[in-house]
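Chemist: Can you keep this structure in mind? I'll have questions shortly.
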Amino acid sequence: MRGRTSLALAIAGFGLILIAWEIAGRVLGDMLLSPPSTVLPLLISILAQGRAIRELVDSMSQMLVGFALACVIGMPLGTIMGRVRVVDALIHPWVSMLVVTSIAALVPIVILLLGTGLAMRVAIVFLGSVGYVLLTAYHGARGIDAKLVDAARSFSVAGVALYSKVLLPALYPYLVAGARLGLIHAIRAMIVAEMFVITGYGGLIFQTGLDLSVGPLLAYLLLLMIFSTTATSILQRIGNATAPWYEAWQRPGE
Amino acid sequence: MHVSAPPIAREQTGRTVWTTLSAGQMSSRAAYLASFILGLVVWQVVAGLLPQVVFASPIRVAEKLYAGVLNGEIPTAFLHSLQQFALGFAISLMIALPLGLLLGRSRIAYAMFNPVLNALLAVPSVAFIPFIMIWFGLFFEARVALVVVMSVLDMTVIIMSGARNIDPAAVIVAKSFQITGLRRIFSVFVPASLPFLFTALRIGVVRSVNAMITAELFFAAVNLGKIMQTASSRFDAATMLAIVFLVSLFGLLMQELVKLAEARLIPWSVRH
């Protein structure tokens, strides 16, 4: 389908959803579902007040600490697991376990360990995202064409140079894809942790829900949606811009 | 004639021996066992360094688990928790399957609603919890709703990709045999997207297990969530870890079951 047609259809899709939401909102009333005609002005006034934005920026910069930690540990470890079978065999089952573990259930345990402060939230974000970053790097490292490595070896490229000149460029798209997947899960984990101890942006959402104010609640959710889509698409852009060979690849992990 | 192998060759042999040792002789079952034991040892050592009120050793976790299972507390709670898991997962599947097929097979529907779906996916599903509370209260209905919310979008997206990837030849053949309507859906679209359906089930089942415990922690604490909450107020790290361990194990088990079913039912599509 042509670009312009699909754009028009996408806009029509959003329009249709907005209309359905508006009708449903009017029928159900403000107690259950505020229509967009109420939520959008609320969103604007919330943005103008600035508190929500400040909370969001605070929460997300704390989230970035945990996410960065997940990348710093997950990417090299995943790569090594992809290249060295023994390491893979020893670590993989536990990583699989971590990935299926409910983050919400880990929160009370981490609270006992680290309290309810920043350290807990960073740890939760780390635990929530490291598995995805690691596994994507792992699949990338396993899938590297053996011919590439053989060619490099026959030019006596080995050790660190093999990693930096051959493996890293081949891995790069996977690292970017893993970072994007990890970021989505990092944001999820941050919101879970904050809702649990009622602080930050997640706390704001939870508190608004307890006050039964549906309009502002929907406005906060919309803001979070906008932030999350922007953040992941920025990461994608960075990926495309820093590695020209990236676009030639089928985007891995999708 | 004694000619010692050149150093490179020797190194090569060394590497081959090493890789066969690690890949071939060490079977995957032994590797699992080694990994399990190593993990438990690390866990035990770490637990030894930390005070008992904040972290528990695997031995104490196992004791708690054993006691809890023996006095029936954990199995009863688990069976009750499973209800919202099963119902929520079933509802999710009933929504995701037709919706995914529709969005995947109709180009117009795809172009219209794929962006909406992506925007919705960007919102962490737990953020809908306050909303679910307002709509469904704090009890069983709310827990089922959270299971649906946490799994339905992921499953829809995967089934949609499956339906989009159906081999056009299959569709054309069906057309030339005048297979249309419901018959086309059930004898062409569904079988052709089975591999993706199994992926959707695998992801959906894990998300649903997560939602099952998440719901009991965020809404009124009942069943497993209740056990965790009580343990948390008593600084009983061992019981909390036992519950989390159990739930994760259950998630893994369900995931493996789906994989097994996939290998049995559609052996032609399983890739490793």
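By order of appearance in the structure tokens: chains A, B, ..., then residues from 1 within every chain, and ligands from 1 in the order shown.
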Using only C-alpha atoms and a cut-off of 8 Å, which residues of chain A sit close to chain B? Please list them as an MDAnalysis selection string.

Modeler: chainID A and resid 6:7 9:14 32 85:86 89:91 93:94 96:98 100:106 108:109 112:113 184 187:188 191:192 196 202 205:206 208:210 212 214 217 221 224:226 228:229

Chemist: Need the shell around Leu167 in chain A: protein/DNA/RNA residues with any atom at most 9 Å away, counting only C-alpha atoms. Skip same-chain ones fewer than 3 positions apart. Format as an MDAnalysis selection string?

Modeler: chainID A and resid 141 144 148:149 162:164 170:172

Chemist: Write to file, as a PDB file, in the first residue's frame, the residues of the selection just made, with N, CA and C atoms.

Modeler:
ATOM      1  N   ALA A 141      24.318 -12.804  18.576  1.00  0.00           N
ATOM      2  CA  ALA A 141      25.666 -13.362  18.605  1.00  0.00           C
ATOM      3  C   ALA A 141      25.678 -14.795  18.090  1.00  0.00           C
ATOM      4  N   ILE A 144      25.467 -14.938  14.113  1.00  0.00           N
ATOM      5  CA  ILE A 144      26.500 -14.333  13.266  1.00  0.00           C
ATOM      6  C   ILE A 144      27.057 -15.366  12.290  1.00  0.00           C
ATOM      7  N   LEU A 148      31.896 -14.928   8.229  1.00  0.00           N
ATOM      8  CA  LEU A 148      32.485 -13.645   8.630  1.00  0.00           C
ATOM      9  C   LEU A 148      33.646 -13.885   9.588  1.00  0.00           C
ATOM     10  N   VAL A 149      33.381 -14.729  10.595  1.00  0.00           N
ATOM     11  CA  VAL A 149      34.394 -14.984  11.609  1.00  0.00           C
ATOM     12  C   VAL A 149      35.589 -15.707  10.980  1.00  0.00           C
ATOM     13  N   LEU A 162      38.743  -8.960  16.971  1.00  0.00           N
ATOM     14  CA  LEU A 162      37.667  -9.755  16.383  1.00  0.00           C
ATOM     15  C   LEU A 162      36.317  -9.237  16.877  1.00  0.00           C
ATOM     16  N   TYR A 163      36.286  -8.897  18.181  1.00  0.00           N
ATOM     17  CA  TYR A 163      35.032  -8.389  18.730  1.00  0.00           C
ATOM     18  C   TYR A 163      34.699  -7.007  18.178  1.00  0.00           C
ATOM     19  N   SER A 164      35.695  -6.108  18.157  1.00  0.00           N
ATOM     20  CA  SER A 164      35.382  -4.715  17.814  1.00  0.00           C
ATOM     21  C   SER A 164      35.207  -4.527  16.315  1.00  0.00           C
ATOM     22  N   ALA A 170      28.345  -6.610  13.314  1.00  0.00           N
ATOM     23  CA  ALA A 170      27.317  -7.587  12.928  1.00  0.00           C
ATOM     24  C   ALA A 170      26.222  -7.654  13.975  1.00  0.00           C
ATOM     25  N   LEU A 171      26.615  -7.393  15.218  1.00  0.00           N
ATOM     26  CA  LEU A 171      25.669  -7.485  16.328  1.00  0.00           C
ATOM     27  C   LEU A 171      24.815  -6.244  16.474  1.00  0.00           C
ATOM     28  N   TYR A 172      25.339  -5.130  15.998  1.00  0.00           N
ATOM     29  CA  TYR A 172      24.759  -3.828  16.305  1.00  0.00           C
ATOM     30  C   TYR A 172      23.242  -3.765  16.157  1.00  0.00           C
TER      31      TYR A 172
END

Chemist: From the set B:Leu265, B:Ile159, B:Gly204, B:Phe177, which residue has the shortest atom-to-atom contact distance to Leu99 in chain B, counting only C-alpha atoms?

Modeler: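 Going through B:Leu265, B:Ile159, B:Gly204, B:Phe177 one by one, the smallest distance to Leu99 in chain B is for B:Ile159.
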
Chemist: Can you pull out every residue within 7 Å of range 175-180 of chain A, counting only C-alpha atoms, but drop anything in the same chain fewer than 6 positions away, and send it as a list in words?

Modeler: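 Counting only the stated atoms, we get Met75, Tyr132, Val133, Thr136, Ala137, Thr232, Leu235, Gly239, Pro252 and Gly253 of chain A.
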
Chemist: Can you write out the residues you just picked, keeping N, CA and C atoms, as a short mmCIF file (atom, residue, chain, number, x, y, z; two decimals), in the first residue's frame?

Modeler:
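Writing the result to part07.cif gives the following:
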data_model
loop_
_atom_site.label_atom_id
_atom_site.label_comp_id
_atom_site.auth_asym_id
_atom_site.auth_seq_id
_atom_site.Cartn_x
_atom_site.Cartn_y
_atom_site.Cartn_z
N MET A 75 24.18 -6.65 27.52
CA MET A 75 24.72 -6.77 26.16
C MET A 75 25.98 -7.61 26.10
N TYR A 132 15.60 -9.14 28.48
CA TYR A 132 15.27 -8.90 27.07
C TYR A 132 16.49 -8.38 26.31
N VAL A 133 17.24 -7.46 26.95
CA VAL A 133 18.46 -6.94 26.32
C VAL A 133 19.43 -8.09 26.07
N THR A 136 18.25 -10.75 23.33
CA THR A 136 18.35 -10.28 21.96
C THR A 136 19.80 -10.27 21.50
N ALA A 137 20.71 -9.81 22.38
CA ALA A 137 22.14 -9.84 22.04
C ALA A 137 22.59 -11.28 21.82
N THR A 232 10.79 5.18 22.31
CA THR A 232 11.23 4.02 21.54
C THR A 232 11.53 4.41 20.10
N LEU A 235 14.99 5.96 19.95
CA LEU A 235 16.02 4.93 20.00
C LEU A 235 16.22 4.28 18.63
N GLY A 239 19.51 4.37 16.21
CA GLY A 239 20.03 3.15 15.61
C GLY A 239 20.26 3.32 14.12
N PRO A 252 15.62 -7.01 13.34
CA PRO A 252 15.52 -8.23 14.12
C PRO A 252 14.59 -8.04 15.31
N GLY A 253 14.07 -9.13 15.78
CA GLY A 253 13.25 -9.11 16.98
C GLY A 253 11.84 -8.61 16.74
#

Chemist: Can you tell me, as a list in words, what residues are no more than 10 Å from range 47-61 of chain A when counting only C-alpha atoms, ignoring any on the same chain fewer than 5 positions away?

Modeler: Pro41, Leu42, Gly66, Phe67, Leu118, Arg121, Ala186, Ile187, Met190, Ile191, Glu194, Thr199, Gly200, Tyr201, Gly202, Gly203, Leu204, Ile205, Ala219, Tyr220, Leu223, Leu224 and Phe227 of chain A

Chemist: Please dump the current selection as a JSON list (two decimals), in the first residue's frame; keep C-alpha atoms.

Modeler:
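Output (out04.json):
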[["chain", "number", "residue", "atom", "x", "y", "z"],
["A", 41, "PRO", "CA", -8.56, 19.84, 27.57],
["A", 42, "LEU", "CA", -7.62, 18.17, 30.87],
["A", 66, "GLY", "CA", 18.39, 0.94, 35.77],
["A", 67, "PHE", "CA", 18.03, 0.60, 32.02],
["A", 118, "LEU", "CA", 15.70, 4.90, 44.44],
["A", 121, "ARG", "CA", 13.31, 1.19, 41.69],
["A", 186, "ALA", "CA", 12.09, -0.82, 31.67],
["A", 187, "ILE", "CA", 9.25, 1.70, 31.45],
["A", 190, "MET", "CA", 9.33, 1.55, 36.55],
["A", 191, "ILE", "CA", 5.58, 2.12, 36.54],
["A", 194, "GLU", "CA", 6.21, 3.32, 41.49],
["A", 199, "THR", "CA", 5.57, 7.59, 44.30],
["A", 200, "GLY", "CA", 6.59, 9.34, 41.09],
["A", 201, "TYR", "CA", 4.53, 9.16, 37.93],
["A", 202, "GLY", "CA", 3.25, 5.63, 38.61],
["A", 203, "GLY", "CA", 2.14, 6.80, 42.04],
["A", 204, "LEU", "CA", 0.40, 9.75, 40.44],
["A", 205, "ILE", "CA", -1.56, 7.39, 38.20],
["A", 219, "ALA", "CA", -4.98, 12.15, 30.57],
["A", 220, "TYR", "CA", -2.02, 10.72, 32.51],
["A", 223, "LEU", "CA", 0.81, 11.36, 28.35],
["A", 224, "LEU", "CA", 2.57, 8.12, 29.24],
["A", 227, "PHE", "CA", 6.24, 9.53, 26.06]]

Chemist: Which residues, written as a compact mmCIF listing (two decimals) with N, CA and C atoms, in the first residue's frame, have at least one atom at most 12 Å from Thr199 in chain B, with only C-alpha atoms counted and residues fewer than 2 positions away on the same chain left out?

Modeler:
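Wrote selection39.txt, looks like this:
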# COMPACT_ATOMS: atom_id res chain seq x y z
N ASP B 154 -0.64 -8.32 23.21
CA ASP B 154 0.54 -9.05 22.74
C ASP B 154 0.12 -10.20 21.83
N MET B 155 -0.93 -10.92 22.26
CA MET B 155 -1.37 -12.06 21.46
C MET B 155 -1.95 -11.60 20.12
N THR B 156 -2.73 -10.53 20.16
CA THR B 156 -3.31 -10.02 18.91
C THR B 156 -2.22 -9.68 17.90
N VAL B 157 -1.19 -8.97 18.38
CA VAL B 157 -0.13 -8.54 17.46
C VAL B 157 0.55 -9.73 16.81
N ILE B 158 0.81 -10.78 17.60
CA ILE B 158 1.52 -11.93 17.04
C ILE B 158 0.63 -12.68 16.04
N ILE B 159 -0.65 -12.88 16.40
CA ILE B 159 -1.56 -13.57 15.48
C ILE B 159 -1.72 -12.75 14.19
N MET B 160 -1.75 -11.43 14.36
CA MET B 160 -1.84 -10.55 13.20
C MET B 160 -0.63 -10.75 12.26
N SER B 161 0.57 -10.78 12.83
CA SER B 161 1.75 -10.98 11.96
C SER B 161 1.67 -12.33 11.28
N GLY B 162 1.16 -13.34 12.00
CA GLY B 162 1.01 -14.66 11.40
C GLY B 162 0.07 -14.63 10.22
N SER B 193 -1.72 -20.01 9.90
CA SER B 193 -1.06 -19.15 10.89
C SER B 193 -0.81 -19.87 12.21
N LEU B 194 -0.91 -21.21 12.18
CA LEU B 194 -0.69 -21.98 13.42
C LEU B 194 0.65 -21.71 14.10
N PRO B 195 1.77 -21.65 13.35
CA PRO B 195 3.04 -21.40 14.07
C PRO B 195 2.99 -20.11 14.88
N PHE B 196 2.39 -19.07 14.29
CA PHE B 196 2.31 -17.81 15.02
C PHE B 196 1.31 -17.92 16.16
N LEU B 197 0.27 -18.72 15.94
CA LEU B 197 -0.72 -18.92 17.00
C LEU B 197 -0.04 -19.53 18.22
N LEU B 201 0.30 -18.09 21.92
CA LEU B 201 -0.09 -18.82 23.12
C LEU B 201 1.04 -18.83 24.14
N ARG B 202 2.26 -19.02 23.64
CA ARG B 202 3.42 -19.09 24.53
C ARG B 202 3.61 -17.78 25.27
N ILE B 203 3.58 -16.68 24.51
CA ILE B 203 3.76 -15.36 25.13
C ILE B 203 2.56 -15.04 26.02
N GLY B 204 1.38 -15.36 25.50
CA GLY B 204 0.15 -15.03 26.23
C GLY B 204 0.07 -15.78 27.55
N VAL B 205 0.50 -17.03 27.55
CA VAL B 205 0.39 -17.82 28.76
C VAL B 205 1.31 -17.26 29.85
N VAL B 206 2.50 -16.83 29.44
CA VAL B 206 3.43 -16.27 30.42
C VAL B 206 2.91 -14.93 30.96
N GLN B 255 4.94 -22.52 29.54
CA GLN B 255 5.62 -22.18 28.31
C GLN B 255 6.16 -23.43 27.62
N GLU B 256 6.77 -24.32 28.41
CA GLU B 256 7.31 -25.55 27.84
C GLU B 256 6.20 -26.45 27.31
N VAL B 258 3.37 -25.47 26.03
CA VAL B 258 2.96 -24.94 24.72
C VAL B 258 3.96 -25.35 23.65
N LYS B 259 5.26 -25.27 23.99
CA LYS B 259 6.30 -25.65 23.03
C LYS B 259 6.17 -27.13 22.65
N LEU B 260 5.90 -27.95 23.68
CA LEU B 260 5.75 -29.38 23.46
C LEU B 260 4.57 -29.66 22.55
N ALA B 261 3.45 -28.99 22.84
CA ALA B 261 2.25 -29.15 22.02
C ALA B 261 2.55 -28.74 20.59
N GLU B 262 3.31 -27.66 20.44
CA GLU B 262 3.68 -27.18 19.11
C GLU B 262 4.49 -28.24 18.37
N ALA B 263 5.47 -28.80 19.06
CA ALA B 263 6.33 -29.81 18.42
C ALA B 263 5.53 -31.05 18.03
N SER B 269 6.87 -27.04 11.55
CA SER B 269 7.21 -25.62 11.65
C SER B 269 8.20 -25.32 12.77
N VAL B 270 8.51 -26.32 13.61
CA VAL B 270 9.36 -26.01 14.75
C VAL B 270 10.80 -25.78 14.31
N ARG B 271 11.28 -24.59 14.65
CA ARG B 271 12.66 -24.26 14.30
C ARG B 271 13.49 -24.21 15.58

Chemist: Could you check how far CA of Pro173 in chain A sits from CA of Leu134 in chain A, in Å to one decimal?

Modeler: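 Answer for the CA of Pro173 in chain A to CA of Leu134 in chain A separation: 13.5 Å.
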